[in-house]
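Q: Okay, handing you the structure first.
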Amino acid sequence: MSRTPQEIWQAVLGELQLQINKTNFITWLKPTKGLSLDNNVFTVGVPNSFVGEWLEKRWINLIKKTLASTLGCDTGVKIQVGFGLLNTTVNGNAASHRQIQEPEHRKDQHGVVCPFFPKYTFDSFVVSDSNRIAYSAALGVAQNPAKTYNPLFIYSGSGLGKTHLLQAIGHTAWNSGYNVLYSNGEQFTNEFINSLRYHTTEDFRLKYRTPDILLMDDVQFFSGKEQTQETFFYTFNDLHNSSHQIVISCDQPPKSLPHLVERLRSRFEWGIIVDITPPDYEARLAILKAKSECCPVPFPQEALETIAKMPIDNIRELEGCINKVMACASIFNEPLTSEVVLKAIEDIYKHRQESRLTPQQILEQVASHYDSTTQAILNKKRDRSTTFLRYIVIYLIREQCSLSLSNIGDFLGYKDHTSILYGYDKVVKALKKDENLKQSVEKIIQELKNL
Ligand code: ADP
Ligand code: MG
């Protein structure tokens with residue numbers, strides 16, 4: 001199975017996006033295309049020579065490195081102005097447009113290239129108290145599919161390592177010769193709908209019911225989609241009955257997933273359910289240390305500690321900080337001191353840093369705005385409308401205060417951080433639809449500012 005140059009380039013862009021700050025990525029890399037892989041030279045098309053020269057100057061080494069890790073071998077890179085077949089490169093050379101040749105050494109015995117992200121392995125996963133159980137369960141499943149836990153259900157908030165673990169299972173099992181399929185809730189849903197539209201239900205069935213291991217990421221996407229849920233239910237049964245392993249990830253535990261048919265919920269609860277909690281200070285420091293080791297400039301411990309002290313729950317954001325600091329340090333050619341770190345990430349976290357509001361003030365303001373009381377809002381046995389006021393409090397604390405999920409949980413008396421995320425998401429969704437709510441929340445924010 002060979003990927004087209006554009007598919008390879010998409011994978012490379014996906015990786016680069018994690019390493020380059022958003023503005024740079026949108027300006028310089030987003031408008032590019034993968035055109036060909038010829039004689040071990042990959043040709044990238046750019047819209048104009050300005051972008052081309054900039055890529056050559058600033059990002060060529062990073063592009064080469066990322067391309068090499070995607071393809072599994074070192075490859076030359078040619079930048080070509082325009083997206084046509086034969087065109088002028090930035091250096092004035094000609095590049096042709098052809099189907100790619102896959103490098104030999106990353107194929108299995110059937111000639112199939114490893115379909116998993118090279119970066120997401122068990123080796124590169126930093127284990128801490130917040131993810132130890134999920135890590136062990138994932139490793140167990142990868143080494144002994146369908147012998148230990150089936151299904152394995154992993155849940156956590158965003159950016160805490162679910163996809164990383166699923167991909168790591170994929171790598172390990174694939175290397176041991178298992179037929180592994182990685183998909184996610186959205187892809188499964190789209191493929192299911194297309195199979196109905198184009199009368200290819202048999203292909204769809206075969207694709208999802210034959211793998212030894214099915215890794216299904218982000219099943220929260222199934223919420224409210226009954227037909228897709230039903231199809232996944234039968235897929236699940238088929239695989240489980242034939243002792244094939246199923247691994248599922250989700251942003252919340254099965255019991256709190258809204259709009260899920262009961263029988264699918266009960267299937268999700270058949271095996272083992274594990275969660276990943278937000279990393280504490282030590283875990284954040286360990287992750288930052290591991291990530292910084294890939295940087296060309298050494299990060300002093302003090303700089304890492306400065307980032308680890310920030311109230312950041314999301315590991316993707318931690319990675320973003322490292323990249324931002326690297327970019328700033330190289331632009332201004334400065335050593336990585338705590339001051340440089342703070343300067344580099346200040347705009348990302350400025351509003352959280354500057355916030356002088358306390359959770360108690362937010363709680364009181366919401367209570368007074370809605371003619372309720374702080375005790376009623378904190379009481380978990382109340383009616384739905386009071387519960388929703390608590391969700392508004394969660395939302396406002398997350399948006400306005402520099403507190404981690406576990407700090408918010410402590411304040412509101414929740415043991416489980418997923419309840420915080422659940423309440424937060426409820427308000428985010430409601431705000432998109434409910435104009436009155438939007439106005440009320442804006443008004444409360446204004447009232448808080450006037451305190
Ligand atoms: P999720 O799927 O839960 O939203 P991801 O698996 O996409 O999160 O993780 C977000 C980023 O953080 C990825 O780049 C991933 O490699 C990294 N990451 C998450 N957890 C860890 C960990 N324990 N060790 C190293 N990197 C991690
Ligand atoms: Mg994910």
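Chains: A, B, ... in order of the structure tokens. Residues: from 1 per chain. Ligands: from 1, in order shown.
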Considering only strand (DSSP E) as DSSP defines it on the backbone, what residues of range 54-270 of chain A qualify? List them as number ranges by chain.

A: A: 76-81, 87-88, 94-95, 152-155, 180-184, 213-217, 245-250

Q: Take the residues that were just selected and, keeping N, CA, C and O atoms, output them as a short mmCIF file (atom, residue, chain, number, x, y, z; two decimals), in the first residue's frame.

A:
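Wrote selection-v2.cif, looks like this:
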```cif
data_model
loop_
_atom_site.label_atom_id
_atom_site.label_comp_id
_atom_site.auth_asym_id
_atom_site.auth_seq_id
_atom_site.Cartn_x
_atom_site.Cartn_y
_atom_site.Cartn_z
N GLY A 76 16.01 13.71 0.60
CA GLY A 76 16.28 15.09 0.23
C GLY A 76 14.97 15.85 0.06
O GLY A 76 13.92 15.24 -0.16
N VAL A 77 15.04 17.18 0.20
CA VAL A 77 13.82 17.97 0.03
C VAL A 77 14.07 19.06 -1.01
O VAL A 77 15.09 19.73 -0.99
N LYS A 78 13.14 19.17 -1.95
CA LYS A 78 13.22 20.20 -2.97
C LYS A 78 12.00 21.09 -2.83
O LYS A 78 10.88 20.59 -2.68
N ILE A 79 12.21 22.39 -2.82
CA ILE A 79 11.07 23.30 -2.75
C ILE A 79 10.79 23.80 -4.15
O ILE A 79 11.69 24.29 -4.85
N GLN A 80 9.54 23.66 -4.58
CA GLN A 80 9.17 24.07 -5.93
C GLN A 80 8.12 25.16 -5.89
O GLN A 80 7.12 25.04 -5.16
N VAL A 81 8.31 26.22 -6.66
CA VAL A 81 7.30 27.28 -6.70
C VAL A 81 6.19 26.84 -7.65
O VAL A 81 6.44 26.50 -8.79
N ASN A 87 7.96 22.24 -12.93
CA ASN A 87 7.97 23.62 -12.49
C ASN A 87 9.35 24.02 -12.03
O ASN A 87 10.25 23.20 -11.94
N THR A 88 9.49 25.29 -11.71
CA THR A 88 10.81 25.74 -11.28
C THR A 88 10.94 25.60 -9.77
O THR A 88 10.05 25.99 -9.03
N ALA A 94 14.47 21.59 -11.98
CA ALA A 94 13.15 21.08 -12.37
C ALA A 94 12.77 19.90 -11.50
O ALA A 94 13.61 19.14 -11.07
N ALA A 95 11.49 19.78 -11.23
CA ALA A 95 11.03 18.64 -10.42
C ALA A 95 9.87 17.95 -11.14
O ALA A 95 9.04 18.61 -11.73
N LEU A 152 -10.55 -2.54 26.33
CA LEU A 152 -9.86 -1.59 27.20
C LEU A 152 -10.44 -0.22 26.88
O LEU A 152 -10.44 0.19 25.73
N PHE A 153 -10.99 0.44 27.90
CA PHE A 153 -11.62 1.75 27.70
C PHE A 153 -10.78 2.79 28.44
O PHE A 153 -10.63 2.73 29.66
N ILE A 154 -10.20 3.74 27.69
CA ILE A 154 -9.36 4.77 28.31
C ILE A 154 -10.06 6.11 28.18
O ILE A 154 -10.49 6.48 27.09
N TYR A 155 -10.21 6.83 29.31
CA TYR A 155 -10.82 8.15 29.18
C TYR A 155 -9.99 9.22 29.89
O TYR A 155 -9.28 8.96 30.85
N VAL A 180 -3.67 -4.59 12.78
CA VAL A 180 -4.23 -3.58 13.69
C VAL A 180 -4.87 -2.46 12.88
O VAL A 180 -4.28 -1.97 11.92
N LEU A 181 -6.05 -2.05 13.30
CA LEU A 181 -6.70 -0.92 12.62
C LEU A 181 -6.94 0.20 13.63
O LEU A 181 -7.53 -0.01 14.69
N TYR A 182 -6.45 1.40 13.29
CA TYR A 182 -6.71 2.58 14.11
C TYR A 182 -7.77 3.42 13.39
O TYR A 182 -7.68 3.66 12.19
N SER A 183 -8.78 3.82 14.14
CA SER A 183 -9.79 4.71 13.56
C SER A 183 -10.27 5.62 14.68
O SER A 183 -9.85 5.49 15.82
N ASN A 184 -11.17 6.54 14.36
CA ASN A 184 -11.77 7.31 15.44
C ASN A 184 -13.25 7.50 15.18
O ASN A 184 -13.75 7.16 14.09
N ILE A 213 -6.88 -6.33 16.16
CA ILE A 213 -7.05 -5.28 17.17
C ILE A 213 -7.70 -4.06 16.52
O ILE A 213 -7.21 -3.56 15.50
N LEU A 214 -8.79 -3.61 17.10
CA LEU A 214 -9.41 -2.37 16.62
C LEU A 214 -9.18 -1.29 17.67
O LEU A 214 -9.57 -1.43 18.83
N LEU A 215 -8.52 -0.21 17.25
CA LEU A 215 -8.27 0.92 18.15
C LEU A 215 -9.24 2.02 17.75
O LEU A 215 -9.11 2.59 16.66
N MET A 216 -10.21 2.30 18.58
CA MET A 216 -11.23 3.29 18.21
C MET A 216 -11.11 4.51 19.14
O MET A 216 -11.46 4.47 20.31
N ASP A 217 -10.58 5.58 18.57
CA ASP A 217 -10.29 6.79 19.34
C ASP A 217 -11.54 7.69 19.39
O ASP A 217 -12.34 7.69 18.43
N GLN A 245 -9.21 -8.02 19.90
CA GLN A 245 -9.10 -6.97 20.92
C GLN A 245 -9.74 -5.66 20.46
O GLN A 245 -9.57 -5.26 19.31
N ILE A 246 -10.44 -5.00 21.39
CA ILE A 246 -10.99 -3.67 21.09
C ILE A 246 -10.44 -2.69 22.14
O ILE A 246 -10.47 -2.98 23.33
N VAL A 247 -9.94 -1.56 21.66
CA VAL A 247 -9.48 -0.51 22.58
C VAL A 247 -10.24 0.76 22.22
O VAL A 247 -10.35 1.12 21.05
N ILE A 248 -10.80 1.40 23.25
CA ILE A 248 -11.65 2.55 23.00
C ILE A 248 -11.11 3.74 23.80
O ILE A 248 -10.70 3.58 24.95
N SER A 249 -11.14 4.92 23.19
CA SER A 249 -10.84 6.10 24.00
C SER A 249 -11.99 7.07 23.94
O SER A 249 -12.77 7.09 22.99
N CYS A 250 -12.10 7.88 24.99
CA CYS A 250 -13.24 8.78 25.10
C CYS A 250 -12.88 9.94 26.02
O CYS A 250 -11.94 9.83 26.82
#
```

Q: Determine, using only C-alpha atoms and all ligand atoms, which residues of chain A have any atom at most 9 Å from an atom of ligand 1, and tabulate each with its shortest atom pair and distance in Å to one decimal place, rows ordered by chain and then rising number, as CSV.

A:
```
residue,atom,partner,partner_atom_place_in_ligand_line,distance
A:Glu15,CA,ligand 1,14 (O),8.8
A:Leu18,CA,ligand 1,14 (O),7.0
A:Lys119,CA,ligand 1,16 (O),6.9
A:Tyr120,CA,ligand 1,16 (O),5.7
A:Thr121,CA,ligand 1,16 (O),8.4
A:Phe122,CA,ligand 1,24 (N),8.7
A:Asp123,CA,ligand 1,24 (N),8.9
A:Ser124,CA,ligand 1,25 (C),5.7
A:Phe125,CA,ligand 1,24 (N),3.6
A:Val126,CA,ligand 1,24 (N),3.7
A:Val127,CA,ligand 1,23 (N),5.5
A:Ser128,CA,ligand 1,23 (N),7.2
A:Ser130,CA,ligand 1,23 (N),8.5
A:Asn131,CA,ligand 1,23 (N),6.8
A:Arg132,CA,ligand 1,23 (N),8.9
A:Tyr135,CA,ligand 1,23 (N),8.5
A:Tyr155,CA,ligand 1,3 (O),7.9
A:Ser156,CA,ligand 1,3 (O),6.2
A:Gly157,CA,ligand 1,3 (O),6.2
A:Ser158,CA,ligand 1,4 (O),3.8
A:Gly159,CA,ligand 1,8 (O),3.4
A:Leu160,CA,ligand 1,3 (O),4.0
A:Gly161,CA,ligand 1,6 (O),3.2
A:Lys162,CA,ligand 1,3 (O),3.8
A:Thr163,CA,ligand 1,6 (O),3.6
A:His164,CA,ligand 1,6 (O),3.7
A:Leu165,CA,ligand 1,6 (O),6.5
A:Leu166,CA,ligand 1,6 (O),8.0
A:Gln167,CA,ligand 1,6 (O),8.4
A:Asp217,CA,ligand 1,2 (O),7.8
A:Asp218,CA,ligand 1,2 (O),7.8
A:Ser249,CA,ligand 1,2 (O),8.0
A:Cys250,CA,ligand 1,3 (O),8.4
A:Asp251,CA,ligand 1,3 (O),7.7
A:Ile276,CA,ligand 1,3 (O),8.3
A:Pro279,CA,ligand 1,23 (N),8.5
A:Ala283,CA,ligand 1,23 (N),8.3
A:Ala286,CA,ligand 1,24 (N),8.6
A:Ile287,CA,ligand 1,24 (N),5.7
A:Leu288,CA,ligand 1,25 (C),8.5
A:Ala290,CA,ligand 1,25 (C),7.4
A:Lys291,CA,ligand 1,25 (C),7.4
A:Asn314,CA,ligand 1,10 (C),7.4
A:Ile315,CA,ligand 1,12 (O),4.4
A:Arg316,CA,ligand 1,11 (C),4.1
A:Glu317,CA,ligand 1,12 (O),7.8
A:Leu318,CA,ligand 1,12 (O),7.8
A:Glu319,CA,ligand 1,12 (O),6.9
```

Q: Just want the 9 Å neighbourhood of range 411-416 of chain A, counted on only C-alpha atoms, with same-chain residues fewer than 3 positions away dropped. Output as a list in words.

A: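 My reading of the contact set: Thr277, Pro359, Gln360, Leu378, Arg390, Ile394, Ser406, Asn407, Ile408, Ser419 and Ile420 of chain A.
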
Q: Between CA of Thr4 in chain A and CA of Gln19 in chain A, measure the distance and give it in Å to one decimal.

A: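 CA of Gln19 in chain A lies 23.3 Å from CA of Thr4 in chain A.
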
Q: When you count only C-alpha atoms and all ligand atoms, which of these residues is closest to ligand 2: A:Val340, A:Val393, A:Leu239, A:Val219?

A: A:Val219

Q: Just the number, please: distance in Å from CA of Thr306 in chain A to CA of Glu282 in chain A, one decimal.

A: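 Computing it gives 12.3 Å between the two atoms.
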
Q: Do you have the CA of Glu447 in chain A-CA of Asp371 in chain A distance handy?

A: 14.5 Å

Q: List the spatial neighbours of Ser176 in chain A as a list in words - criterion: any atom at most 10 Å away, only C-alpha atoms, same-chain residues fewer than 4 positions off excluded.

A: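 Selected residues are Asp108, Ala142, Gln143, Gly170, His171 and Thr172 of chain A.
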
Q: Can you list, as a list in words, every protein, DNA or RNA residue that comes within 7 Å of Tyr395 in chain A when you count only C-alpha atoms, leaving out same-chain residues fewer than 3 positions away?

A: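 Listed by chain and then number, they are Tyr391, Ile392, Arg398, Glu399, Tyr424 and Val427 of chain A.
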
Q: Could you tell me which of A:Gln220, A:Ser266, A:Ser292, A:Thr75 comes closest to ligand 2 if we count only C-alpha atoms and all ligand atoms?

A: A:Gln220

Q: Could you give me the residues within range 94-211 of chain A that DSSP places in alpha helix (DSSP H), as an MDAnalysis selection string?

A: chainID A and resid 132:143 162:175 185:197 201:209

Q: With only C-alpha atoms as the counted atoms, please give the residues lying no more than 9 Å from Tyr149 in chain A, apart from itself and same-chain residues fewer than 6 positions off, as a PyMOL selection string.

A: chain A and resi 137+140-141+245-246+270-272

Q: Given the selection you just returned, output its residues as a file containing C-alpha atoms, formatted as a PDB file, in the first residue's frame.

A:
```
ATOM      1  CA  ALA A 137      -3.208  -1.697  30.703  1.00  0.00           C
ATOM      2  CA  GLY A 140      -0.648  -5.448  28.501  1.00  0.00           C
ATOM      3  CA  VAL A 141      -3.125  -5.297  25.637  1.00  0.00           C
ATOM      4  CA  GLN A 245      -9.101  -6.967  20.923  1.00  0.00           C
ATOM      5  CA  ILE A 246     -10.987  -3.667  21.093  1.00  0.00           C
ATOM      6  CA  TRP A 270     -17.416  -5.105  29.928  1.00  0.00           C
ATOM      7  CA  GLY A 271     -13.631  -4.980  30.199  1.00  0.00           C
ATOM      8  CA  ILE A 272     -11.530  -2.503  32.108  1.00  0.00           C
TER       9      ILE A 272
END
```

Q: Which residues are close to Glu269 in chain A, i.e. within 10 Å by only C-alpha atoms, leaving aside same-chain residues fewer than 5 positions away? Reply as a list in words.

A: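 Residues meeting the cut-off are Asn150, Pro151, Leu152, Phe153, Pro253, Pro254, Lys255, Arg263 and Leu264 of chain A.
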